[in-house]
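A.B. asks: run-v1.cif is reproduced below (mmCIF, C-alpha atoms).
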```cif
data_structure
loop_
_atom_site.label_atom_id
_atom_site.label_comp_id
_atom_site.auth_asym_id
_atom_site.auth_seq_id
_atom_site.Cartn_x
_atom_site.Cartn_y
_atom_site.Cartn_z
CA MET N 63 12.19 -22.42 -18.18
CA PHE N 64 14.47 -24.47 -15.94
CA GLU N 65 17.17 -24.40 -18.60
CA LEU N 66 16.99 -20.59 -18.72
CA VAL N 67 17.26 -20.37 -14.95
CA LYS N 68 20.17 -22.78 -14.97
CA ALA N 69 21.90 -20.85 -17.77
CA GLY N 70 21.48 -17.58 -15.86
CA GLY N 71 23.57 -18.83 -12.95
CA TRP N 72 23.09 -18.56 -9.22
CA LEU N 73 21.90 -14.93 -9.39
CA MET N 74 18.67 -16.17 -10.93
CA VAL N 75 17.70 -17.55 -7.52
CA PRO N 76 17.38 -14.15 -5.72
CA ILE N 77 15.73 -12.68 -8.83
CA LEU N 78 13.12 -15.46 -8.82
CA LEU N 79 12.57 -15.03 -5.08
CA CYS N 80 12.04 -11.31 -5.62
CA SER N 81 9.48 -12.06 -8.33
CA ILE N 82 7.54 -14.39 -6.02
CA VAL N 83 7.51 -11.83 -3.20
CA ALA N 84 6.47 -9.07 -5.61
CA MET N 85 3.55 -11.12 -6.97
CA ALA N 86 2.40 -11.93 -3.43
CA ILE N 87 2.50 -8.25 -2.42
CA VAL N 88 0.63 -7.14 -5.54
CA ALA N 89 -2.13 -9.72 -4.97
CA GLU N 90 -2.41 -8.83 -1.27
CA ARG N 91 -2.53 -5.07 -1.94
CA PHE N 92 -5.18 -5.46 -4.64
CA TRP N 93 -7.33 -7.32 -2.12
CA THR N 94 -6.64 -4.97 0.79
CA LEU N 95 -6.94 -1.65 -1.05
CA ARG N 96 -10.41 -2.23 -2.46
CA ARG N 97 -12.47 0.94 -2.11
CA THR N 98 -15.42 -1.01 -0.71
CA ARG N 99 -13.20 -2.34 2.05
CA VAL N 100 -11.25 0.82 2.87
CA ALA N 101 -13.95 3.49 2.50
CA PRO N 102 -17.42 1.93 2.24
CA SER N 103 -19.99 4.19 0.63
CA ASN N 104 -22.77 5.69 2.77
CA LEU N 105 -20.88 4.90 5.98
CA VAL N 106 -20.99 8.55 7.09
CA VAL N 107 -24.73 8.66 6.36
CA GLN N 108 -25.27 5.59 8.52
CA VAL N 109 -23.19 7.07 11.34
CA TRP N 110 -25.14 10.32 11.08
CA GLN N 111 -28.42 8.44 11.38
CA TRP N 112 -27.15 6.66 14.47
CA ALA N 113 -26.02 9.92 16.03
CA LYS N 114 -29.28 11.71 15.20
CA ALA N 115 -31.33 8.88 16.71
CA GLY N 116 -29.07 8.60 19.76
CA HIS N 117 -28.05 5.02 18.92
CA LEU N 118 -24.27 5.44 19.09
CA THR N 119 -23.59 2.65 21.56
CA GLU N 120 -20.18 1.32 22.51
CA GLU N 121 -20.96 -1.90 20.66
CA ARG N 122 -21.64 -0.02 17.43
CA LEU N 123 -18.50 2.07 17.86
CA ARG N 124 -16.49 -1.10 18.34
CA ALA N 125 -17.97 -2.65 15.20
CA LEU N 126 -17.33 0.58 13.30
CA ARG N 127 -13.72 0.65 14.48
CA THR N 128 -13.00 -2.89 13.31
CA GLY N 129 -15.11 -2.82 10.13
CA SER N 130 -12.92 -0.68 7.86
CA PRO N 131 -10.09 1.88 7.89
CA LEU N 132 -12.62 4.67 7.34
CA GLY N 133 -14.71 3.29 10.17
CA ARG N 134 -11.66 3.40 12.42
CA VAL N 135 -11.13 7.08 11.57
CA LEU N 136 -14.79 7.94 12.12
CA ALA N 137 -14.89 6.03 15.41
CA ALA N 138 -11.97 8.14 16.67
CA GLY N 139 -14.03 11.27 16.07
CA LEU N 140 -17.22 9.79 17.50
CA ALA N 141 -15.44 8.76 20.68
CA ASN N 142 -14.69 12.47 21.20
CA ARG N 143 -17.97 13.84 19.85
CA ARG N 144 -18.73 15.66 23.10
CA GLN N 145 -15.42 17.54 22.86
CA ASP N 146 -14.66 20.67 20.87
CA ARG N 147 -14.31 20.53 17.11
CA GLU N 148 -10.51 20.95 17.21
CA ILE N 149 -10.10 18.07 19.65
CA MET N 150 -12.19 15.84 17.40
CA LYS N 151 -10.06 16.75 14.38
CA GLU N 152 -6.80 16.17 16.26
CA ARG N 153 -7.94 12.72 17.34
CA ILE N 154 -9.07 11.88 13.79
CA GLU N 155 -5.72 13.02 12.36
CA GLU N 156 -3.82 10.97 14.94
CA VAL N 157 -5.71 7.78 14.12
CA GLY N 158 -5.58 8.64 10.41
CA ARG N 159 -1.79 8.53 10.46
CA HIS N 160 -1.91 4.97 11.79
CA VAL N 161 -4.50 4.03 9.17
CA VAL N 162 -2.34 5.41 6.34
CA HIS N 163 0.64 3.49 7.69
CA GLY N 164 -1.42 0.31 7.46
CA LEU N 165 -2.51 1.10 3.90
CA GLU N 166 1.14 1.52 2.89
CA ARG N 167 2.09 -1.86 4.30
CA TYR N 168 4.56 -3.83 2.11
CA LEU N 169 4.89 -0.99 -0.42
CA ASN N 170 8.45 -0.22 0.68
CA THR N 171 9.31 -3.86 0.05
CA LEU N 172 7.76 -3.69 -3.42
CA GLY N 173 9.70 -0.50 -4.17
CA THR N 174 12.90 -2.13 -2.95
CA ILE N 175 12.34 -5.10 -5.26
CA ALA N 176 11.81 -2.72 -8.18
CA SER N 177 15.14 -1.10 -7.33
CA ILE N 178 17.37 -4.09 -6.61
CA THR N 179 16.35 -6.57 -9.32
CA PRO N 180 17.92 -4.51 -12.15
CA LEU N 181 21.06 -4.31 -10.03
CA LEU N 182 21.04 -8.08 -9.58
CA GLY N 183 20.67 -8.42 -13.35
CA LEU N 184 23.54 -5.98 -13.86
CA LEU N 185 25.67 -7.97 -11.44
CA GLY N 186 24.87 -11.10 -13.46
CA THR N 187 25.94 -9.25 -16.59
CA VAL N 188 29.25 -8.28 -15.01
CA LEU N 189 29.91 -11.83 -13.77
CA GLY N 190 29.04 -13.26 -17.17
CA MET N 191 31.39 -10.88 -18.95
CA ILE N 192 34.13 -11.71 -16.45
CA LYS N 193 33.72 -15.37 -17.43
CA VAL N 194 33.92 -14.45 -21.10
CA PHE N 195 37.17 -12.48 -20.67
CA THR N 196 38.60 -15.22 -18.45
CA VAL N 197 37.99 -17.77 -21.21
CA ILE N 198 39.50 -15.42 -23.79
CA SER N 199 42.61 -14.85 -21.67
CA THR N 200 43.19 -18.57 -21.02
CA GLN N 201 41.87 -20.31 -24.14
CA GLY N 202 41.64 -17.56 -26.72
CA VAL N 203 38.59 -16.95 -28.85
CA GLY N 204 38.47 -20.44 -30.31
CA ASP N 205 36.16 -21.97 -27.65
CA ALA N 206 32.82 -20.64 -28.88
CA GLY N 207 30.83 -22.75 -26.41
CA ALA N 208 32.55 -21.28 -23.36
CA LEU N 209 32.17 -17.76 -24.73
CA ALA N 210 28.48 -18.31 -25.47
CA GLY N 211 27.91 -19.59 -21.91
CA GLY N 212 29.25 -16.43 -20.34
CA ILE N 213 27.39 -14.16 -22.75
CA SER N 214 24.08 -16.02 -22.28
CA GLU N 215 24.43 -15.79 -18.50
CA ALA N 216 24.97 -12.05 -18.79
CA LEU N 217 21.95 -11.51 -21.04
CA ILE N 218 19.57 -13.84 -19.16
CA THR N 219 20.16 -12.27 -15.74
CA THR N 220 19.79 -8.77 -17.19
CA ALA N 221 16.51 -9.67 -18.88
CA ALA N 222 15.20 -11.46 -15.79
CA GLY N 223 16.00 -8.49 -13.55
CA LEU N 224 14.18 -6.10 -15.88
CA ILE N 225 11.19 -8.44 -16.24
CA VAL N 226 10.74 -8.38 -12.46
CA ALA N 227 11.60 -4.71 -11.93
CA ILE N 228 9.35 -3.09 -14.57
CA PRO N 229 5.99 -4.46 -13.37
CA SER N 230 7.06 -4.07 -9.74
CA LEU N 231 7.71 -0.37 -10.29
CA MET N 232 4.45 0.05 -12.19
CA PHE N 233 2.41 -1.54 -9.39
CA TYR N 234 4.33 0.41 -6.75
CA ARG N 235 3.38 3.69 -8.45
CA TYR N 236 -0.18 2.50 -8.98
CA PHE N 237 -0.70 1.58 -5.33
CA ARG N 238 0.84 4.87 -4.19
CA GLY N 239 -1.68 6.76 -6.29
CA ARG N 240 -4.52 4.55 -5.08
CA ILE N 241 -3.60 5.16 -1.44
CA ASP N 242 -3.45 8.92 -2.01
CA SER N 243 -6.94 8.79 -3.51
CA LEU N 244 -8.30 6.69 -0.64
CA VAL N 245 -6.74 8.96 1.97
CA LEU N 246 -8.32 12.01 0.32
CA THR N 247 -11.70 10.27 0.34
CA MET N 248 -11.37 9.38 4.03
CA GLU N 249 -10.40 12.95 4.90
CA GLN N 250 -13.46 14.30 3.10
CA GLU N 251 -15.77 11.79 4.74
CA ALA N 252 -14.35 12.47 8.20
CA LEU N 253 -14.76 16.22 7.69
CA LYS N 254 -18.39 15.69 6.68
CA MET N 255 -19.00 13.75 9.88
CA VAL N 256 -17.34 16.39 12.06
CA GLU N 257 -19.41 19.17 10.52
CA ALA N 258 -22.60 17.12 10.84
CA LEU N 259 -21.95 16.34 14.51
CA GLN N 260 -21.13 19.98 15.24
CA GLY N 261 -24.39 21.01 13.59
CA LEU N 262 -26.27 18.48 15.69
CA ARG N 263 -24.63 19.78 18.86
CA ASN N 264 -25.57 23.35 17.93
CA LEU N 265 -29.17 22.32 17.38
CA ASP N 266 -29.26 20.59 20.77
CA ARG N 267 -27.90 23.71 22.45
CA LEU N 268 -30.48 25.86 20.65
CA ASP N 269 -33.31 23.57 21.72
CA ARG N 270 -32.12 23.58 25.34
CA GLY N 271 -31.85 27.35 25.27
CA GLN N 272 -35.38 27.72 23.96
CA GLN N 273 -36.71 25.33 26.57
CA GLU N 274 -34.97 27.21 29.36
CA ALA N 275 -36.30 30.55 28.04
CA ALA N 276 -39.80 29.16 27.91
#
```
Written as structure tokens, that's how I'd like the structure from this file.

C.D. replies:
Amino acid sequence: MFELVKAGGWLMVPILLCSIVAMAIVAERFWTLRRTRVAPSNLVVQVWQWAKAGHLTEERLRALRTGSPLGRVLAAGLANRRQDREIMKERIEEVGRHVVHGLERYLNTLGTIASITPLLGLLGTVLGMIKVFTVISTQGVGDAGALAGGISEALITTAAGLIVAIPSLMFYRYFRGRIDSLVLTMEQEALKMVEALQGLRNLDRLDRGQQEAA
């Protein structure tokens, strides 16, 4: 492996650094974008039970806000549960934008790596071919070793750039799709909570109206 890196020239160093960064981002995103961490199941049901029983304390809202991205979105709506439906939705959308930004963390870097590593490989190809033609112009085609060195440098850097770029692009697309799916799930769950809270408020108003009429 070291001999391949050495034969590829100095451009192998940034390509290897890009591969290390890409692997770190992929591992971190796999851990962070787990569905159980981002949008835990039955969280809306639990929140609904708290609201119905009147147990929505500040401590529980704080724990909900820090527990998961979905919890942060729901907590934004619950903090404004006594407001109109539109105000609740606006607050949820505002916090949701921040949550999505957090979910997309490092993805631009991964996309950049997928874009620049083939260019680094291409640059290595160009530099290698320049060496080949320099040898040809000064020594002719008789020095096979010098010619092979330039050609191998060109091919190794090109291959290394593609080896890093292809999986980086695949994971970039995969994580984009995963985030879109998670965002859609959070939107649906938040809407369920808003509708449930509005129904609870309507029931409370109806009960108060009946009591006043009696």

A.B. asks: Using Å and a single decimal, report how far CA of Arg167 (chain N) sits from CA of Cys80 (chain N).

C.D. replies: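 Atom-to-atom, CA of Cys80 (chain N) to CA of Arg167 (chain N), that is 16.9 Å.
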
A.B. asks: Expand the PyMOL selection byres ((chain N and resi 151) around 12) into the explicit residue set it covers here, and present it as a count of residues only.

C.D. replies: 31

A.B. asks: If I take CA of Leu132 (chain N) and CA of Ala101 (chain N), how far is one from the other in Å, to one decimal?

C.D. replies: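 Taking CA of Leu132 (chain N) and CA of Ala101 (chain N), their separation equals 5.2 Å.
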
A.B. asks: What gap, in Å, lies between CA of Thr219 (chain N) and CA of Leu182 (chain N)?

C.D. replies: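 Between these atoms lies a distance of 7.5 Å.
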
A.B. asks: Which one of N:Ile77, N:Val245, N:Val88, N:Leu105 sits closest to Leu181 (chain N) if you count all atoms listed in the file?

C.D. replies: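 Using all atoms listed in the file, Leu181 (chain N) sits closest to N:Ile77.
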
A.B. asks: Step by step, work through what the PyMOL selection byres ((chain N and resi 170-179) around 6) selects in the shown file, and finish by giving those residues as an NGL selection string.

C.D. replies: :N and (84 or 168-169 or 180-182 or 223 or 227 or 230-231)

A.B. asks: Choose the residue, out of N:Arg134, N:Gly239, N:Arg144, N:Tyr234, that has the smallest atom-to-atom separation from Arg99 (chain N); count all atoms listed in the file.

C.D. replies: N:Arg134

A.B. asks: Between N:Asp242, N:Arg96, N:Asn104, N:Gly71, which has the minimum distance to Thr220 (chain N) (counting all atoms listed in the file)?

C.D. replies: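 Answer, going by the shortest atom-to-atom distance: N:Gly71.
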
A.B. asks: Between N:Arg240, N:Met248, N:Thr200, N:Val188, which one has atoms that come closest to Glu215 (chain N), using all atoms listed in the file?

C.D. replies: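 Smallest separation from Glu215 (chain N) among the options: N:Val188.
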
A.B. asks: Taking (-5.3, -6.0, 4.8) in the file's coordinates, which residues come within 10 Å, counting all atoms listed in the file, written as a list in words?

C.D. replies: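 With a cut-off of 10 Å, the residues come to Glu90, Arg91, Phe92, Trp93, Thr94, Leu95, Arg96, Arg99, Val100, Ser130, Pro131, Gly164, Leu165 and Arg167 of chain N.
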
A.B. asks: Ranking N:Thr119, N:Thr98, N:Gln111, N:Thr187 by minimum distance to Ala222 (chain N) and counting only C-alpha atoms, which one comes first?

C.D. replies: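 Ranking N:Thr119, N:Thr98, N:Gln111, N:Thr187 by distance to Ala222 (chain N), first place goes to N:Thr187.
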